[in-house]
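The file start.tsv comes next; it holds TSV, C-alpha atoms and all ligand atoms.
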```tsv
chain	number	residue	atom	x	y	z
A	1	MET	CA	-58.51	50.63	-31.65
A	2	THR	CA	-55.06	50.67	-30.05
A	3	THR	CA	-52.11	49.98	-32.32
A	4	PRO	CA	-48.86	48.34	-31.28
A	5	SER	CA	-47.02	51.56	-31.96
A	6	LEU	CA	-49.28	53.56	-29.63
A	7	ALA	CA	-49.03	50.90	-26.88
A	8	ARG	CA	-45.24	50.72	-27.25
A	9	ARG	CA	-44.84	54.49	-27.31
A	10	VAL	CA	-46.97	54.93	-24.20
A	11	ALA	CA	-45.06	52.07	-22.48
A	12	ALA	CA	-41.70	53.68	-23.26
A	13	GLU	CA	-42.81	57.09	-22.00
A	14	ARG	CA	-44.01	55.84	-18.60
A	15	ARG	CA	-40.96	53.71	-17.79
A	16	PRO	CA	-38.81	55.33	-15.04
A	17	GLU	CA	-35.04	55.71	-15.23
A	18	PRO	CA	-33.07	53.19	-13.09
A	19	ALA	CA	-33.41	54.31	-9.47
A	20	PRO	CA	-30.49	55.06	-7.12
A	21	PRO	CA	-30.03	52.78	-4.04
A	22	GLU	CA	-31.60	55.23	-1.57
A	23	ALA	CA	-34.88	55.23	-3.54
A	24	ALA	CA	-34.84	51.44	-3.69
A	25	SER	CA	-34.83	51.00	0.09
A	26	ARG	CA	-38.25	52.66	0.45
A	27	TYR	CA	-41.49	50.83	-0.31
A	28	VAL	CA	-44.14	52.60	-2.42
A	29	ASN	CA	-47.01	52.65	0.07
A	30	GLN	CA	-48.61	50.87	3.00
A	31	TRP	CA	-52.05	51.07	4.58
A	32	VAL	CA	-54.72	49.05	6.41
A	33	GLU	CA	-58.12	48.45	4.79
A	34	PRO	CA	-61.34	46.61	5.68
A	35	GLU	CA	-61.57	43.04	4.37
A	36	ALA	CA	-63.30	39.79	5.19
A	37	ILE	CA	-62.27	36.18	5.54
A	38	GLY	CA	-65.43	34.20	4.95
A	39	ARG	CA	-68.13	36.17	6.76
A	40	GLU	CA	-65.76	37.56	9.35
A	41	ARG	CA	-64.65	41.14	8.84
A	42	VAL	CA	-60.94	41.62	9.38
A	43	PRO	CA	-58.41	44.38	8.79
A	44	ALA	CA	-55.97	43.82	5.92
A	45	PHE	CA	-52.39	45.08	5.93
A	46	VAL	CA	-51.49	46.25	2.43
A	47	LEU	CA	-47.89	46.76	1.30
A	48	ILE	CA	-46.70	47.92	-2.12
A	49	LEU	CA	-43.05	47.05	-2.64
A	50	LYS	CA	-40.81	48.89	-5.05
A	51	THR	CA	-39.48	46.36	-7.54
A	52	ARG	CA	-38.59	46.08	-11.17
A	53	GLY	CA	-42.30	45.80	-11.92
A	54	CYS	CA	-44.12	43.93	-14.63
A	55	TYR	CA	-42.02	42.78	-17.59
A	56	TRP	CA	-45.09	42.95	-19.86
A	57	ALA	CA	-45.43	46.66	-19.06
A	58	ASP	CA	-41.94	47.12	-20.56
A	59	LEU	CA	-42.81	45.32	-23.75
A	60	LYS	CA	-46.25	46.74	-24.49
A	61	GLY	CA	-48.30	46.96	-21.32
A	62	CYS	CA	-52.00	46.70	-20.74
A	63	SER	CA	-54.09	49.59	-21.96
A	64	MET	CA	-55.31	50.65	-18.49
A	65	CYS	CA	-52.21	49.93	-16.36
A	66	GLY	CA	-49.85	52.66	-15.20
A	67	TYR	CA	-48.26	50.80	-12.30
A	68	SER	CA	-44.80	50.96	-13.83
A	69	LYS	CA	-44.54	54.52	-12.53
A	70	ASP	CA	-44.13	52.94	-9.07
A	71	THR	CA	-41.21	50.76	-10.11
A	72	LEU	CA	-37.43	51.04	-9.98
A	73	GLY	CA	-36.57	50.77	-13.65
A	74	ARG	CA	-34.29	47.87	-12.62
A	75	SER	CA	-34.42	44.85	-10.31
A	76	ALA	CA	-34.23	45.50	-6.57
A	77	THR	CA	-31.35	43.75	-4.82
A	78	PRO	CA	-32.14	41.34	-1.95
A	79	GLY	CA	-30.66	43.95	0.42
A	80	GLU	CA	-32.96	46.67	-0.92
A	81	LEU	CA	-36.01	44.43	-0.57
A	82	ALA	CA	-34.97	43.56	2.99
A	83	ALA	CA	-34.70	47.28	3.79
A	84	GLN	CA	-38.19	47.94	2.39
A	85	LEU	CA	-39.58	45.10	4.47
A	86	GLN	CA	-37.83	46.31	7.59
A	87	HIS	CA	-39.39	49.78	7.19
A	88	ALA	CA	-42.84	48.40	6.43
A	89	VAL	CA	-43.03	45.85	9.22
A	90	ARG	CA	-42.83	48.63	11.81
A	91	HIS	CA	-46.43	49.41	10.83
A	92	TYR	CA	-47.67	45.82	11.04
A	93	ARG	CA	-50.04	45.25	13.96
A	94	GLY	CA	-50.78	41.58	13.41
A	95	GLU	CA	-53.57	42.09	10.86
A	96	PRO	CA	-54.85	38.62	9.87
A	97	TYR	CA	-55.02	39.42	6.14
A	98	VAL	CA	-51.85	40.62	4.39
A	99	LYS	CA	-51.61	41.78	0.77
A	100	ILE	CA	-48.24	42.28	-0.87
A	101	TYR	CA	-48.21	44.06	-4.23
A	102	THR	CA	-45.21	44.62	-6.48
A	103	SER	CA	-46.78	46.47	-9.44
A	104	GLY	CA	-46.19	43.24	-11.30
A	105	SER	CA	-45.65	39.56	-10.42
A	106	PHE	CA	-44.50	38.55	-6.95
A	107	LEU	CA	-43.46	35.17	-8.38
A	108	ASP	CA	-41.25	36.61	-11.12
A	109	ASP	CA	-37.63	36.19	-9.95
A	110	ARG	CA	-36.68	39.44	-11.71
A	111	GLU	CA	-39.03	41.33	-9.39
A	112	VAL	CA	-38.58	39.45	-6.12
A	113	ASP	CA	-35.82	36.85	-5.87
A	114	PRO	CA	-36.79	33.49	-4.30
A	115	ALA	CA	-34.93	34.09	-1.01
A	116	SER	CA	-36.61	37.47	-0.56
A	117	ARG	CA	-40.01	35.91	-1.27
A	118	LEU	CA	-39.39	33.40	1.52
A	119	ALA	CA	-38.28	36.15	3.89
A	120	LEU	CA	-41.41	38.18	3.15
A	121	VAL	CA	-43.75	35.25	3.67
A	122	ARG	CA	-41.91	34.27	6.88
A	123	THR	CA	-42.29	37.80	8.25
A	124	PHE	CA	-46.07	37.57	8.00
A	125	SER	CA	-46.37	33.90	8.94
A	126	GLY	CA	-48.70	34.79	11.82
A	127	ALA	CA	-51.35	36.04	9.36
A	128	ARG	CA	-54.25	33.84	8.35
A	129	ARG	CA	-54.18	34.77	4.69
A	130	LEU	CA	-51.50	36.27	2.47
A	131	LEU	CA	-52.27	37.56	-1.01
A	132	PHE	CA	-49.96	38.44	-3.85
A	133	GLU	CA	-50.41	39.02	-7.59
A	134	THR	CA	-48.76	37.32	-10.52
A	135	LEU	CA	-48.96	36.77	-14.24
A	136	PRO	CA	-50.19	33.27	-15.16
A	137	GLU	CA	-46.85	31.81	-16.28
A	138	PHE	CA	-45.23	32.09	-12.84
A	139	PRO	CA	-47.30	29.98	-10.39
A	140	THR	CA	-45.64	26.54	-10.46
A	141	ASP	CA	-44.67	23.92	-7.92
A	142	ALA	CA	-41.15	25.40	-7.95
A	143	THR	CA	-42.29	28.94	-7.08
A	144	LEU	CA	-45.33	28.25	-4.91
A	145	GLY	CA	-44.18	25.08	-3.13
A	146	PRO	CA	-41.51	26.70	-0.91
A	147	LEU	CA	-43.90	29.51	0.04
A	148	LYS	CA	-46.59	27.00	0.99
A	149	ASP	CA	-44.07	25.23	3.22
A	150	GLU	CA	-43.17	28.50	4.90
A	151	PHE	CA	-46.67	29.90	5.44
A	152	PRO	CA	-49.07	28.01	7.73
A	153	GLY	CA	-52.12	30.03	6.69
A	154	GLU	CA	-53.73	30.38	3.25
A	155	LEU	CA	-51.82	31.74	0.31
A	156	GLU	CA	-54.04	33.62	-2.11
A	157	VAL	CA	-52.73	34.11	-5.64
A	158	ALA	CA	-54.39	36.94	-7.57
A	159	LEU	CA	-54.45	36.76	-11.37
A	160	GLY	CA	-55.45	39.66	-13.62
A	161	LEU	CA	-57.70	37.67	-15.94
A	162	GLU	CA	-59.71	40.84	-16.79
A	163	SER	CA	-62.03	39.15	-19.31
A	164	THR	CA	-62.70	35.66	-20.59
A	165	ASP	CA	-63.31	37.06	-24.08
A	166	PRO	CA	-60.10	36.46	-26.09
A	167	THR	CA	-60.67	39.43	-28.41
A	168	ILE	CA	-61.31	41.87	-25.59
A	169	LEU	CA	-58.33	40.57	-23.64
A	170	ARG	CA	-55.90	40.59	-26.54
A	171	ARG	CA	-56.94	43.57	-28.62
A	172	TYR	CA	-58.60	46.00	-26.22
A	173	ILE	CA	-56.77	45.30	-22.97
A	174	ASN	CA	-53.56	44.22	-24.68
A	175	LYS	CA	-52.72	41.35	-22.32
A	176	GLY	CA	-49.91	39.03	-23.27
A	177	ALA	CA	-51.68	35.79	-22.28
A	178	SER	CA	-55.01	34.29	-23.31
A	179	PRO	CA	-58.03	33.67	-21.05
A	180	ASP	CA	-57.30	29.94	-21.23
A	181	GLU	CA	-53.81	30.50	-19.87
A	182	TYR	CA	-55.29	32.43	-16.93
A	183	LEU	CA	-57.91	29.77	-16.23
A	184	ALA	CA	-55.25	27.04	-16.39
A	185	ALA	CA	-53.07	29.04	-13.99
A	186	ALA	CA	-55.97	29.34	-11.53
A	187	ASP	CA	-56.51	25.58	-11.69
A	188	ARG	CA	-52.79	25.03	-11.10
A	189	VAL	CA	-52.77	27.40	-8.12
A	190	ARG	CA	-55.62	25.49	-6.52
A	191	SER	CA	-54.09	22.11	-7.24
A	192	LEU	CA	-50.98	23.37	-5.41
A	193	GLY	CA	-53.08	24.13	-2.34
A	194	ALA	CA	-53.48	27.91	-2.63
A	195	ARG	CA	-56.56	30.07	-3.20
A	196	ALA	CA	-57.07	31.62	-6.63
A	197	LYS	CA	-58.49	35.12	-6.95
A	198	GLY	CA	-59.36	36.62	-10.32
A	199	TYR	CA	-59.59	40.29	-11.27
A	200	LEU	CA	-62.15	41.21	-13.91
A	201	LEU	CA	-61.87	44.59	-15.58
A	202	LEU	CA	-65.04	46.60	-15.91
A	203	LYS	CA	-65.09	48.77	-19.03
A	204	PRO	CA	-61.94	48.17	-21.01
A	205	PRO	CA	-61.43	50.82	-23.71
A	206	TYR	CA	-63.49	50.56	-26.93
A	207	LEU	CA	-66.47	48.93	-25.19
A	208	THR	CA	-69.72	50.74	-24.49
A	209	GLU	CA	-71.11	50.78	-20.97
A	210	GLU	CA	-73.62	48.12	-21.99
A	211	GLU	CA	-71.00	45.89	-23.61
A	212	SER	CA	-68.72	46.19	-20.59
A	213	VAL	CA	-71.45	45.06	-18.17
A	214	GLU	CA	-72.31	42.13	-20.43
A	215	ASP	CA	-68.62	41.21	-20.68
A	216	VAL	CA	-68.05	41.25	-16.92
A	217	VAL	CA	-71.17	39.18	-16.19
A	218	ARG	CA	-70.25	36.68	-18.89
A	219	SER	CA	-66.69	36.51	-17.54
A	220	ILE	CA	-67.90	35.86	-13.99
A	221	GLY	CA	-69.99	32.95	-15.23
A	222	ALA	CA	-67.15	31.50	-17.31
A	223	ALA	CA	-64.44	31.93	-14.67
A	224	ALA	CA	-66.38	31.06	-11.51
A	225	LYS	CA	-65.49	27.40	-11.36
A	226	HIS	CA	-61.76	28.18	-11.62
A	227	PHE	CA	-61.53	30.78	-8.85
A	228	ASP	CA	-62.26	30.99	-5.12
A	229	ALA	CA	-62.87	34.72	-5.44
A	230	LEU	CA	-63.57	37.17	-8.25
A	231	SER	CA	-63.19	40.91	-8.04
A	232	ILE	CA	-64.86	43.38	-10.40
A	233	ASN	CA	-62.28	46.11	-10.92
A	234	PRO	CA	-63.76	49.14	-12.66
A	235	VAL	CA	-61.22	51.08	-14.70
A	236	HIS	CA	-59.75	54.24	-13.24
A	237	ILE	CA	-57.56	56.48	-15.34
A	238	GLN	CA	-53.92	55.88	-14.55
A	239	ASN	CA	-51.09	58.09	-15.74
A	240	GLY	CA	-49.20	57.15	-18.87
A	241	THR	CA	-51.73	54.69	-20.26
A	242	VAL	CA	-53.60	54.21	-23.50
A	243	VAL	CA	-56.83	54.73	-21.56
A	244	GLU	CA	-55.54	58.10	-20.35
A	245	TRP	CA	-54.62	59.00	-23.94
A	246	LEU	CA	-58.22	58.30	-24.99
A	247	TYR	CA	-59.66	60.07	-21.92
A	248	HIS	CA	-57.78	63.28	-22.68
A	249	ARG	CA	-59.27	63.21	-26.17
A	250	GLY	CA	-62.83	62.76	-24.88
A	251	ARG	CA	-62.99	59.17	-26.13
A	252	TYR	CA	-63.25	57.39	-22.80
A	253	ARG	CA	-65.38	57.80	-19.66
A	254	PRO	CA	-64.67	55.56	-16.62
A	255	PRO	CA	-67.61	53.26	-15.84
A	256	TRP	CA	-70.64	54.39	-13.94
A	257	LEU	CA	-71.03	52.96	-10.44
A	258	TRP	CA	-74.44	51.74	-11.64
A	259	SER	CA	-72.52	49.37	-13.91
A	260	VAL	CA	-70.62	48.00	-10.90
A	261	VAL	CA	-73.96	47.54	-9.12
A	262	GLU	CA	-75.38	45.66	-12.08
A	263	GLY	CA	-72.22	43.58	-12.46
A	264	LEU	CA	-72.48	42.51	-8.82
A	265	ARG	CA	-76.24	41.89	-8.92
A	266	ARG	CA	-76.14	39.78	-12.06
A	267	GLY	CA	-72.73	38.31	-11.30
A	268	ALA	CA	-74.01	37.04	-7.95
A	269	VAL	CA	-76.46	34.82	-9.83
A	270	VAL	CA	-73.75	33.11	-11.91
A	271	ARG	CA	-70.74	33.10	-9.56
A	272	GLY	CA	-71.41	29.65	-8.11
A	273	PRO	CA	-69.56	29.14	-4.82
A	274	SER	CA	-66.87	31.73	-5.53
A	275	ARG	CA	-66.75	34.96	-3.59
A	276	LEU	CA	-67.65	38.09	-5.58
A	277	VAL	CA	-66.41	41.52	-4.55
A	278	SER	CA	-65.72	45.00	-5.83
A	279	PHE	CA	-63.67	47.69	-4.09
A	280	PRO	CA	-63.42	50.43	-6.71
A	281	THR	CA	-60.22	52.46	-6.76
A	282	ALA	CA	-60.71	56.23	-7.13
A	283	GLY	CA	-64.47	55.72	-6.79
A	284	GLY	CA	-66.46	58.95	-7.10
A	285	LEU	CA	-63.57	60.83	-8.73
A	286	HIS	CA	-63.69	62.08	-12.29
A	287	ARG	CA	-60.82	59.76	-13.25
A	288	GLY	CA	-62.44	56.82	-11.43
A	289	PRO	CA	-65.78	55.02	-11.64
A	290	HIS	CA	-68.44	57.59	-10.80
A	291	ASN	CA	-72.10	58.55	-11.02
A	292	CYS	CA	-73.55	62.04	-10.78
A	293	GLY	CA	-71.59	63.20	-7.75
A	294	GLU	CA	-74.66	63.31	-5.49
A	295	CYS	CA	-75.07	59.59	-4.97
A	296	ASP	CA	-71.48	58.35	-5.35
A	297	ALA	CA	-70.64	58.03	-1.64
A	298	LYS	CA	-73.89	56.19	-0.93
A	299	VAL	CA	-73.46	53.79	-3.84
A	300	LEU	CA	-69.79	53.14	-3.05
A	301	ALA	CA	-70.67	52.34	0.58
A	302	ALA	CA	-73.36	49.91	-0.56
A	303	ILE	CA	-70.92	48.22	-2.98
A	304	ARG	CA	-68.35	47.85	-0.18
A	305	GLU	CA	-70.87	46.45	2.30
A	306	ALA	CA	-72.27	44.01	-0.25
A	307	SER	CA	-68.74	42.83	-1.04
A	308	LEU	CA	-67.77	42.35	2.59
A	309	ASP	CA	-71.01	40.60	3.55
A	310	GLN	CA	-71.65	38.77	0.25
A	311	THR	CA	-75.27	39.92	0.33
A	312	PHE	CA	-76.23	41.74	-2.83
A	313	ASP	CA	-79.99	42.22	-2.38
A	314	GLY	CA	-79.56	45.65	-0.76
A	315	LEU	CA	-78.18	46.98	-4.04
A	316	ASP	CA	-81.74	46.82	-5.42
A	317	ASP	CA	-82.80	49.61	-3.07
A	318	LEU	CA	-80.31	52.15	-4.39
A	319	ASP	CA	-81.63	54.98	-6.46
A	320	CYS	CA	-80.82	58.48	-7.62
A	321	ALA	CA	-82.06	60.92	-10.23
A	322	CYS	CA	-79.02	59.99	-12.35
A	323	ARG	CA	-80.07	56.36	-12.75
A	324	PRO	CA	-82.57	57.07	-15.60
A	325	GLU	CA	-79.88	59.22	-17.24
A	326	TYR	CA	-77.48	56.28	-17.04
A	327	SER	CA	-80.07	53.93	-18.55
A	328	ALA	CA	-80.76	56.40	-21.37
A	329	LEU	CA	-77.05	56.75	-22.08
A	330	ARG	CA	-76.70	53.00	-22.35
A	331	ARG	CA	-79.53	52.86	-24.87
A	332	LEU	CA	-78.02	55.70	-26.92
A	333	GLU	CA	-74.60	54.04	-26.94
A	334	VAL	CA	-76.17	50.81	-28.19
A	335	LEU	CA	-77.75	52.80	-31.02
A	336	GLY	CA	-74.39	54.40	-31.79
A	337	VAL	CA	-75.62	57.90	-30.95
A	338	GLU	CA	-73.15	60.39	-29.44
A	339	ALA	CA	-74.27	60.93	-25.83
A	401	LIG	S1	-52.15	44.97	-15.78
A	401	LIG	FE1	-50.73	43.43	-14.96
A	401	LIG	S2	-49.93	42.39	-16.81
A	401	LIG	FE2	-50.80	44.31	-17.50
A	401	LIG	S3	-49.06	45.75	-17.54
A	401	LIG	FE3	-50.12	45.98	-15.55
A	401	LIG	S4	-49.05	44.66	-14.11
A	401	LIG	FE4	-48.48	44.01	-16.23
A	402	ZN	ZN	-76.66	59.98	-8.82
```

What would the structure in this file look like if it were written as structure tokens?
Amino acid sequence: MTTPSLARRVAAERRPEPAPPEAASRYVNQWVEPEAIGRERVPAFVLILKTRGCYWADLKGCSMCGYSKDTLGRSATPGELAAQLQHAVRHYRGEPYVKIYTSGSFLDDREVDPASRLALVRTFSGARRLLFETLPEFPTDATLGPLKDEFPGELEVALGLESTDPTILRRYINKGASPDEYLAAADRVRSLGARAKGYLLLKPPYLTEEESVEDVVRSIGAAAKHFDALSINPVHIQNGTVVEWLYHRGRYRPPWLWSVVEGLRRGAVVRGPSRLVSFPTAGGLHRGPHNCGECDAKVLAAIREASLDQTFDGLDDLDCACRPEYSALRRLEVLGVEA
């Protein structure tokens, strides 16, 4: 089990030194990825801004999150954020879906000041949907209202709920807020006229493969009525995290892609009207969710297609020689036998 001292030590080690102005005028990354709005496939413009990053990462941080390596170690000035936007917008080709990430909370004034938030939203006001992420304490009428007024399309607020199990969330993932606070934030987001998207973590540390699948399916069922969309996010090993610490000591394996498949198949039954997706990061890599290596590309493609089309039946047809091995490993883990 993680201890506060380990979490704090790992958090302190990954925090960057305050960045000079020239580094702060460059965004972290930008790309275009396949997405869907309803049943229509659309390209999504993704932008990662360089900001102060998540305040919780400074205090303790979540056990799987290494995003603070992409931050400034201080707040970005409005001028620096404007410069990042100016560079990024050169690559914008009118994609209807826009996702702005800050390695933290877009609605936290310490990361993005209110005037810069408005400027960002105004820049992409031709898009149909604009997504950003935030911790649950920040979506309020005061933060969301002005953005709603500025953006004619749909705002989508993504919340890293991770699990609806309070023990898993607090002790294994090390989140600072409870599941109830996340569910209340999602309700608030919707009552303010925005879409709510929830991230659910597949295979937090200290859970077996079996327990992690059960947790994600249970969480989908419990969260579905609060969210317009739920995303199963399988853990990948990020630098400077507690999960990486365990991984290097042979005490953690990222989830199998078969677990993602099962999470989607069973989650689809209990998700109600909410959208259910999974777009695994680092899929097929040793530090990401993976199977045997032979079937990873095929299974990842099927997961992507199912997510985009919202049709999960095709996942039943997937097979590989490693699937019985995966099932056996799950049984052994349940029995407490070293696999
Ligand atoms: S997962 Fe979210 S809340 Fe946790 S440290 Fe990372 S950015 Fe902060
Ligand atoms: Zn395989």

Applying 12 Å and only C-alpha atoms, which residues near Thr167 (chain A) remain after dropping the ones on its own chain fewer than 5 positions away? List them as an NGL selection string. :A and (1 or 162 or 172-179 or 204 or 206-207 or 215)

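Each of A:Asp316, A:Glu133, A:Glu262, A:Asp187 was checked against Ala158 (chain A) using all atoms listed in the file; the smallest atom-to-atom distance is that of A:Glu133.
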
Ranking A:Ala142, A:Ser212, A:Asp165, A:Gln238 by minimum distance to ligand LIG 401 (chain A) and counting all atoms listed in the file, which one comes first?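 Nearest candidate to ligand LIG 401 (chain A) out of A:Ala142, A:Ser212, A:Asp165, A:Gln238: A:Gln238.
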
8 Å shell around ligand LIG 401 (chain A) using all atoms listed in the file, listed as a ChimeraX atom specification: /A:53-58,60-68,103-105,134-135,160,174-176

Output the neighbourhood of ligand ZN 402 (chain A) as a compact mmCIF listing (two decimals) with C-alpha atoms, in the coordinates of the input, that is, all protein and nucleic acid residues with some atom at most 6 Å from the ligand, counting all atoms listed in the file.
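What ended up in pocket.txt:
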```
# COMPACT_ATOMS: atom_id res chain seq x y z
CA ASN A 291 -72.10 58.55 -11.02
CA CYS A 292 -73.55 62.04 -10.78
CA GLU A 294 -74.66 63.31 -5.49
CA CYS A 295 -75.07 59.59 -4.97
CA CYS A 320 -80.82 58.48 -7.62
CA ALA A 321 -82.06 60.92 -10.23
CA CYS A 322 -79.02 59.99 -12.35
```

To one decimal place, how far is CA of Leu155 (chain A) from CA of Phe132 (chain A) in Å?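 Atom-to-atom, CA of Leu155 (chain A) and CA of Phe132 (chain A) are spaced 8.1 Å apart.
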